[in-house]
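J.: Let me begin by handing over the structure; questions about it come next.
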Amino acid sequence: MLSRALKACGPMTPGMGEQLHCLCVKCGLDRDEVGVGTALVDMYMKRGGGDSVEDGRRVFEGMPARNVVTWTSLLTGCAQGGAHSDVMALFFTMRAEGVRPSPFAFATVLSAVASQGALGVGRRVHAQSVKFGCGSTVVCNSLMNMYLKCGLVEEAKAVFCRMETRDVVSWNTLMAGLLLNEREPEALQLFHDSRASAAKMSRSTYSTAIKLCANLKQLTLARQLHSCVLKHGFSSDGSVMTAVMDAYSKCGELDDAFSIFAVMPGSQNVVSWTAMISGCILNGNIPLAADLFSRMREGSIKPNEFTYSTMLTASLSISPSQIHAQIIKTNYQHAPSVGTALLSSYSKLGSTGEALSVFKTIDQKDVVAWSAMLSCYSQAGDCDGAANVFIKMSMQGMKPNEFTISSVIDACASPTAGVDQGRQFHAVSIKYRYQDAICVGSALVSMYARKGSIDSARSLFERQIDRDLVSWNSMISGYAQHGYSKEALDTFRQMEAAGIEMDGVTFLAVIIGCTHAGLVNEGQQYFHSMVTDHKISPTMEHYACMVDLYSRAGRLDETMTFIECMPFPAGAMVWRTLLGACRVHRNVELGKLAAEKLLLLEPHDSATYVLLSNIYAATGKWKERDEVRKLMDSKKVKKEAGCSWIQIKNKVHSFLASDRSHPLTDQIYAKLKAMTARLKQVGYCPNTSFVLHDMAEEQKEAMLVMHSERLALAFGLIATPPGTPLQIVKNLRVCGDCHTVMKMLSAVEDREIIMRDCSRFHHFKSGACSCGDFW
């Protein structure tokens with residue numbers, strides 16, 4: 001009698017359960033009767049809340065005898081309260097006391113395992129279920145759910161195949177799990193199989209199947225399922241209709257999606273609003289997304305963390321600072337998903353400081369937040385900042401994933417990063433066994449190519465089992481920048497043969513390779529193929545590269561014809577490229593035209609004034625050269641100083657022209673003097689035409705000797721053992737005389753010298769350069 005009365009007590013009858021509990025204690029039934037004690041435990045556990053759960057556990061602990069129903073009530077209550085670790089511990093305590101679990105006990109503990117991702121515990125529970133012959137449908141469904149949430153799809157499929165009877169939950173569980181693990185084609189086939197087996201379609205079936213249509217862009221099937229939803233009376237179900245709306249949005253049918261949204265006011269909630277806003281952003285209708293966001297905030301439904309995260313994906317069109325203000329107002333700035341989306345938005349705008357401020361406010365930073373902060377430093381080219389974040393992440397016990405590793409490796413490819421930093425993080429990727437991940441492999445190929453180690457990049461590229469577009473583009477671009485044009489074109493042909501879909505970056509890299517080798521006809525063919533065969537619209541960067549291809553080869557008339565035929569006005573990049581070529585070919589008139597165009601677009605860019613003055617100086621027009629310099633002074637435009645860097649023993653040493661600030665200045669200049677004397681013995685004759693000042697020949701020769709790249713080279717020669725390769729970086733273009741000196745010294749000193757100037761890499765070895773003197 002009391003057991004039945006206790007079962008009737010619930011949240012709607014406050015105090016009644018406690019009164020009956022007192023009566024049980026008075027009659028001594030709470031300890032003597034297992035049924036009464038179990039009913040008390042069940043009553044307290046079903047109420048939920050910390051106090052009620054604790055009351056239930058106290059009743060449980062005070063029972064002298066407990067059966068499987070008692071244990072199952074306790075397990076269920078703890079699971080509902082979110083105490084998943086307690087559920088797993090209690091299950092094994094129950095087993096230690098010799099109680100045989102029921103199917104519901106197995107289902108409860110497996111649900112807890114799934115929520116925690118505790119695969120090891122899950123396998124033990126699975127073994128227990130086999131031992132006791134608990135292969136019921138409810139247990140098998142729970143096993144599938146556990147394996148799928150732990151990412152073990154094949155194990156879940158094996159459980160499904162061995163099931164004697166399957167219900168609609170079985171089909172739905174496996175289908176949703178396949179969707180969760182991004183195996184959409186298999187999930188779609190399973191859906192068709194379920195229909196063939198005459199399994200009844202539930203609300204969950206429709207939701208999952210329609211989500212599959214959204215992910216696979218299956219518009220026709222989505223429309224068919226929409227008809228079924230209307231036919232079987234699910235049109236008033238908010239979750240199903242939201243899934244239909246989302247499917248139409250992702251299939252590009254925004255008007256249909258909005259029509260559904262407009263007629264479901266009774267079931268509109270924060271999920272449907274967020275889905276509609278996301279659809280607008282996905283289809284490029286940012287104004288409508290902003291309008292919906294404003295209407296949502298003005299109405300009764302308030303945005304949640306997913307709404308804010310979605311709006312922040314449109315941050316390049318909508319200022320993230322505006323959304324940031326709303327986030328602070330509604331106190332969502334501490335949510336990891338919102339904070340991560342916000343700092344990603346700021347990083348896209350190059351606002352590293354704001355991104356770091358947001359990062360510091362995030363509570364319980366997960367690996368995604370850490371990776372986003374690393375990516376921010378990577379995009380800014382701040383290798384030290386990225387490395388410091390990675391170290392702090394490791395100190396807090398957070399294990400990096402492949403995207404974390406790839407971001408920090410990308411940062412190591414920046415010009416200011418030390419040569420060895422990338423190698424150190426390569427070792428880190430091996431330590432965590434991520435070196436074979438596609439994103440990590442692509443980042444390593446790009447990093448080594450951009451840091452001058454083209455052989456290492458090639459080796460990694462050849463070892464890659466799977467290659468993505470980034471990997472192919474990085475290798476082609478690396479070959480092109482290093483002057484290995486033949487290898488760049490060969491790799492492009494391999495990519496073409498492999499059936500990889502190319503993009504604008506691919507063709508940009510190929511045309512650069514043609515440019516650096518003077519392959520004008522080949523470059524023309526690739527540009528034409530990009531437009532006609534691959535339907536890729538050229539950007540300003542592509543046109544600038546073609547201008548460089550023509551003008552570098554001295555075909556300046558064709559260059560002007562090409563510029564005049566461009567579909568949009570030439571930008572600064574195009575005119576700057578032409579101006580640089582006019583300096584090389586000493587074409588004063590065309591140089592003046594290019595400079596005038598540039599000064600209209602970028603009046604404070606020092607490079608324009610310097611290049612024009614150098615053209616005048618190279619052709620002996622000293623008066624015009626002085627006028628350009630005076631114009632610079634009057635506009636307060638400062639010339640960028642030539643600077644070269646060399647890394648020795650993890651320390652970067654920088655040099656300016658005629659620099660005497662280095663601690664080893666005396667030894668450096670002594671080495672310079674000895675170098676010059678030795679070179680003259682083997683036929684070196686200084687080319688003073690590269691000194692663009694009106695002065696005596698002796699003074700010009702002295703200025704050449706003190707160029708920043710030669711100071712860096714002299715230091716490298718005295719600071720490293722004989723035969724050690726040297727790598728130098730310069731912020732400007734290497735001058736022709738220094739290029740000759742580097743070639744000759746590579747033979748005289750028996751050294752490989754790698755130089756990265758503002759245009760490309762030069763590999764000097766045995767008296768020759770990889771550029772073939774065409775740069």
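In the structure tokens, the first chain shown is A, the next is B, and so on; residue numbers restart at 1 for each chain, and ligands run from 1 in the order shown.
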List as a VMD selection string the protein and nucleic acid residues near stretch 252-269 of chain A, meaning an atom at most 10 Å away when only C-alpha atoms are counted, but skip any in the same chain fewer than 4 places from it.

T.: chain A and resid 214 217 219 235 to 239 241 to 248 273 to 277 279 to 280 282 to 283 285 296 300 to 303

J.: Find the nearest atom pair between each residue of stretch 590-690 of chain A and stretch 713-720 of chain A for residues within 9 Å, count only C-alpha atoms, give distances in Å to one decimal, sort rows by chain and ascending number, and present the table as a Markdown table.

T.:
```
| residue | atom | partner | partner_atom | distance |
| --- | --- | --- | --- | --- |
| A:Ile646 | CA | A:Gly716 | CA | 7.3 |
| A:Gln647 | CA | A:Gly716 | CA | 8.5 |
| A:Ile648 | CA | A:Ala719 | CA | 7.5 |
| A:His653 | CA | A:Phe715 | CA | 9.0 |
| A:Leu664 | CA | A:Phe715 | CA | 8.0 |
| A:Thr665 | CA | A:Phe715 | CA | 8.7 |
| A:Gln667 | CA | A:Ile718 | CA | 7.9 |
| A:Ile668 | CA | A:Phe715 | CA | 5.5 |
| A:Tyr669 | CA | A:Ala714 | CA | 7.8 |
| A:Ala670 | CA | A:Ala714 | CA | 8.9 |
| A:Lys671 | CA | A:Ala714 | CA | 5.9 |
| A:Leu672 | CA | A:Ala714 | CA | 6.0 |
| A:Met675 | CA | A:Ala714 | CA | 8.1 |
```

J.: Can those selected residues be exported to a file as an mmCIF file, in the first residue's frame so that it contains all heavy atoms?

T.:
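As written to disk, selection17.cif reads:
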```
data_model
loop_
_atom_site.group_PDB
_atom_site.id
_atom_site.type_symbol
_atom_site.label_atom_id
_atom_site.label_comp_id
_atom_site.auth_asym_id
_atom_site.auth_seq_id
_atom_site.Cartn_x
_atom_site.Cartn_y
_atom_site.Cartn_z
ATOM 1 N N ILE A 646 70.221 37.322 -40.359
ATOM 2 C CA ILE A 646 70.776 35.971 -40.400
ATOM 3 C C ILE A 646 70.655 35.370 -39.011
ATOM 4 O O ILE A 646 70.868 36.060 -38.003
ATOM 5 C CB ILE A 646 72.258 35.978 -40.876
ATOM 6 C CG1 ILE A 646 72.768 34.534 -41.026
ATOM 7 C CG2 ILE A 646 73.150 36.787 -39.949
ATOM 8 C CD1 ILE A 646 74.114 34.439 -41.738
ATOM 9 N N GLN A 647 70.256 34.103 -38.934
ATOM 10 C CA GLN A 647 70.097 33.442 -37.633
ATOM 11 C C GLN A 647 71.279 32.529 -37.375
ATOM 12 O O GLN A 647 71.602 31.665 -38.191
ATOM 13 C CB GLN A 647 68.804 32.625 -37.582
ATOM 14 C CG GLN A 647 68.603 31.918 -36.240
ATOM 15 C CD GLN A 647 67.309 31.127 -36.194
ATOM 16 O OE1 GLN A 647 66.312 31.540 -36.746
ATOM 17 N NE2 GLN A 647 67.342 29.982 -35.521
ATOM 18 N N ILE A 648 71.928 32.723 -36.237
ATOM 19 C CA ILE A 648 73.038 31.883 -35.802
ATOM 20 C C ILE A 648 72.744 31.405 -34.387
ATOM 21 O O ILE A 648 72.547 32.215 -33.472
ATOM 22 C CB ILE A 648 74.390 32.646 -35.815
ATOM 23 C CG1 ILE A 648 74.651 33.273 -37.191
ATOM 24 C CG2 ILE A 648 75.530 31.727 -35.397
ATOM 25 C CD1 ILE A 648 74.902 32.287 -38.300
ATOM 26 N N HIS A 653 70.390 37.984 -36.012
ATOM 27 C CA HIS A 653 71.241 39.171 -36.082
ATOM 28 C C HIS A 653 70.797 39.994 -37.285
ATOM 29 O O HIS A 653 70.688 39.466 -38.400
ATOM 30 C CB HIS A 653 72.713 38.769 -36.232
ATOM 31 C CG HIS A 653 73.214 37.895 -35.122
ATOM 32 N ND1 HIS A 653 73.957 38.372 -34.066
ATOM 33 C CD2 HIS A 653 73.062 36.555 -34.906
ATOM 34 C CE1 HIS A 653 74.253 37.380 -33.252
ATOM 35 N NE2 HIS A 653 73.719 36.264 -33.738
ATOM 36 N N LEU A 664 80.558 42.436 -32.978
ATOM 37 C CA LEU A 664 81.717 41.912 -33.716
ATOM 38 C C LEU A 664 82.002 42.739 -34.973
ATOM 39 O O LEU A 664 82.501 42.221 -35.974
ATOM 40 C CB LEU A 664 81.469 40.449 -34.105
ATOM 41 C CG LEU A 664 81.264 39.455 -32.955
ATOM 42 C CD1 LEU A 664 81.007 38.065 -33.497
ATOM 43 C CD2 LEU A 664 82.460 39.446 -32.025
ATOM 44 N N THR A 665 81.702 44.056 -34.905
ATOM 45 C CA THR A 665 81.859 44.919 -36.079
ATOM 46 C C THR A 665 83.270 44.860 -36.665
ATOM 47 O O THR A 665 83.458 44.757 -37.886
ATOM 48 C CB THR A 665 81.505 46.375 -35.716
ATOM 49 O OG1 THR A 665 80.097 46.459 -35.502
ATOM 50 C CG2 THR A 665 81.889 47.330 -36.848
ATOM 51 N N GLN A 667 85.606 42.505 -36.555
ATOM 52 C CA GLN A 667 85.851 41.245 -37.265
ATOM 53 C C GLN A 667 85.046 41.171 -38.563
ATOM 54 O O GLN A 667 85.529 40.649 -39.579
ATOM 55 C CB GLN A 667 85.497 40.045 -36.372
ATOM 56 C CG GLN A 667 86.370 39.887 -35.143
ATOM 57 C CD GLN A 667 85.762 40.528 -33.903
ATOM 58 O OE1 GLN A 667 85.306 41.671 -33.946
ATOM 59 N NE2 GLN A 667 85.775 39.787 -32.797
ATOM 60 N N ILE A 668 83.802 41.711 -38.534
ATOM 61 C CA ILE A 668 82.948 41.678 -39.730
ATOM 62 C C ILE A 668 83.576 42.490 -40.857
ATOM 63 O O ILE A 668 83.675 42.027 -42.008
ATOM 64 C CB ILE A 668 81.531 42.201 -39.402
ATOM 65 C CG1 ILE A 668 80.798 41.211 -38.478
ATOM 66 C CG2 ILE A 668 80.721 42.426 -40.681
ATOM 67 C CD1 ILE A 668 79.509 41.742 -37.902
ATOM 68 N N TYR A 669 84.027 43.699 -40.542
ATOM 69 C CA TYR A 669 84.612 44.544 -41.588
ATOM 70 C C TYR A 669 85.966 44.000 -42.052
ATOM 71 O O TYR A 669 86.336 44.154 -43.231
ATOM 72 C CB TYR A 669 84.714 45.991 -41.108
ATOM 73 C CG TYR A 669 83.410 46.738 -41.295
ATOM 74 C CD1 TYR A 669 82.416 46.709 -40.319
ATOM 75 C CD2 TYR A 669 83.161 47.435 -42.465
ATOM 76 C CE1 TYR A 669 81.214 47.376 -40.494
ATOM 77 C CE2 TYR A 669 81.951 48.108 -42.652
ATOM 78 C CZ TYR A 669 80.979 48.068 -41.675
ATOM 79 O OH TYR A 669 79.778 48.720 -41.860
ATOM 80 N N ALA A 670 86.687 43.362 -41.155
ATOM 81 C CA ALA A 670 87.949 42.730 -41.570
ATOM 82 C C ALA A 670 87.668 41.596 -42.546
ATOM 83 O O ALA A 670 88.379 41.410 -43.542
ATOM 84 C CB ALA A 670 88.703 42.215 -40.345
ATOM 85 N N LYS A 671 86.605 40.826 -42.254
ATOM 86 C CA LYS A 671 86.217 39.730 -43.153
ATOM 87 C C LYS A 671 85.748 40.285 -44.497
ATOM 88 O O LYS A 671 86.052 39.725 -45.559
ATOM 89 C CB LYS A 671 85.115 38.898 -42.499
ATOM 90 C CG LYS A 671 84.675 37.690 -43.330
ATOM 91 C CD LYS A 671 85.797 36.680 -43.501
ATOM 92 C CE LYS A 671 85.354 35.453 -44.243
ATOM 93 N NZ LYS A 671 86.455 34.499 -44.456
ATOM 94 N N LEU A 672 84.992 41.411 -44.471
ATOM 95 C CA LEU A 672 84.552 42.044 -45.712
ATOM 96 C C LEU A 672 85.741 42.432 -46.591
ATOM 97 O O LEU A 672 85.745 42.200 -47.795
ATOM 98 C CB LEU A 672 83.722 43.301 -45.396
ATOM 99 C CG LEU A 672 82.232 43.140 -45.099
ATOM 100 C CD1 LEU A 672 81.632 44.483 -44.718
ATOM 101 C CD2 LEU A 672 81.503 42.563 -46.297
ATOM 102 N N MET A 675 87.281 39.300 -47.972
ATOM 103 C CA MET A 675 86.396 38.732 -49.001
ATOM 104 C C MET A 675 86.575 39.460 -50.325
ATOM 105 O O MET A 675 86.728 38.841 -51.385
ATOM 106 C CB MET A 675 84.919 38.863 -48.557
ATOM 107 C CG MET A 675 84.437 37.804 -47.590
ATOM 108 S SD MET A 675 82.832 38.246 -46.831
ATOM 109 C CE MET A 675 81.931 38.888 -48.223
#
```

J.: Pick out the residues sitting within 12 Å of A:Glu697, and hand them over as a PyMOL selection string; count only C-alpha atoms, and ignore anything fewer than 6 positions along from it in its own chain.

T.: chain A and resi 686-691+703-704

J.: Which neighbours of A:Val588 fall inside 10 Å, counting only C-alpha atoms, when residues of the same chain fewer than 4 positions from it are skipped, and could you give them as JSON, numbers by chain?

T.: {"A": [579, 582, 583, 592, 593, 594, 612, 615, 616, 618, 619, 621]}

J.: Write the residues of the preceding selection, restricted to N, CA, C and O atoms, as a compact mmCIF listing (two decimals), in the first residue's frame.

T.:
```txt
# COMPACT_ATOMS: atom_id res chain seq x y z
N LEU A 579 56.43 49.54 -62.65
CA LEU A 579 57.47 50.50 -62.28
C LEU A 579 58.78 49.80 -61.96
O LEU A 579 59.86 50.25 -62.35
N CYS A 582 60.38 48.82 -65.17
CA CYS A 582 60.96 49.99 -65.85
C CYS A 582 62.31 50.36 -65.25
O CYS A 582 63.21 50.85 -65.96
N ARG A 583 62.48 50.13 -63.93
CA ARG A 583 63.79 50.39 -63.33
C ARG A 583 64.83 49.41 -63.87
O ARG A 583 65.95 49.80 -64.22
N LYS A 592 57.72 56.91 -65.59
CA LYS A 592 57.03 58.13 -65.12
C LYS A 592 55.52 57.92 -65.10
O LYS A 592 54.83 58.30 -64.15
N LEU A 593 55.01 57.27 -66.16
CA LEU A 593 53.56 57.01 -66.23
C LEU A 593 53.12 56.11 -65.08
O LEU A 593 52.12 56.40 -64.39
N ALA A 594 53.86 55.03 -64.86
CA ALA A 594 53.51 54.10 -63.78
C ALA A 594 53.57 54.78 -62.42
O ALA A 594 52.71 54.58 -61.56
N LEU A 612 61.22 55.43 -58.80
CA LEU A 612 61.31 56.47 -59.84
C LEU A 612 62.66 57.19 -59.78
O LEU A 612 63.30 57.43 -60.82
N ILE A 615 65.28 55.04 -61.30
CA ILE A 615 65.25 55.04 -62.77
C ILE A 615 66.01 56.25 -63.31
O ILE A 615 66.82 56.14 -64.24
N TYR A 616 65.73 57.41 -62.70
CA TYR A 616 66.44 58.63 -63.14
C TYR A 616 67.94 58.50 -62.89
O TYR A 616 68.76 58.85 -63.76
N ALA A 618 69.76 55.74 -62.65
CA ALA A 618 70.37 54.73 -63.51
C ALA A 618 70.59 55.25 -64.93
O ALA A 618 71.47 54.76 -65.65
N THR A 619 69.79 56.25 -65.33
CA THR A 619 69.94 56.81 -66.69
C THR A 619 70.68 58.14 -66.67
O THR A 619 70.70 58.86 -67.69
N LYS A 621 70.02 60.91 -65.02
CA LYS A 621 69.19 62.12 -64.88
C LYS A 621 69.18 62.54 -63.41
O LYS A 621 68.19 62.35 -62.69
```

J.: Kindly assemble as a tab-separated table a list of the stretch 408-432 of chain A residues that lie within 9 Å of stretch 394-403 of chain A, each paired with its nearest atom pair and their distance in Å to one decimal, using only C-alpha atoms, sorted first by chain and then by ascending residue number.

T.:
```
residue	atom	partner	partner_atom	distance
A:Val408	CA	A:Phe403	CA	8.7
A:Ser429	CA	A:Glu402	CA	8.0
A:Tyr432	CA	A:Pro400	CA	8.2
```

J.: Show me, as a ChimeraX atom specification, the residues that have an atom within 9 Å of A:Val610 when counting only C-alpha atoms, minus same-chain residues fewer than 5 positions from it.

T.: /A:615,628-629,632,639
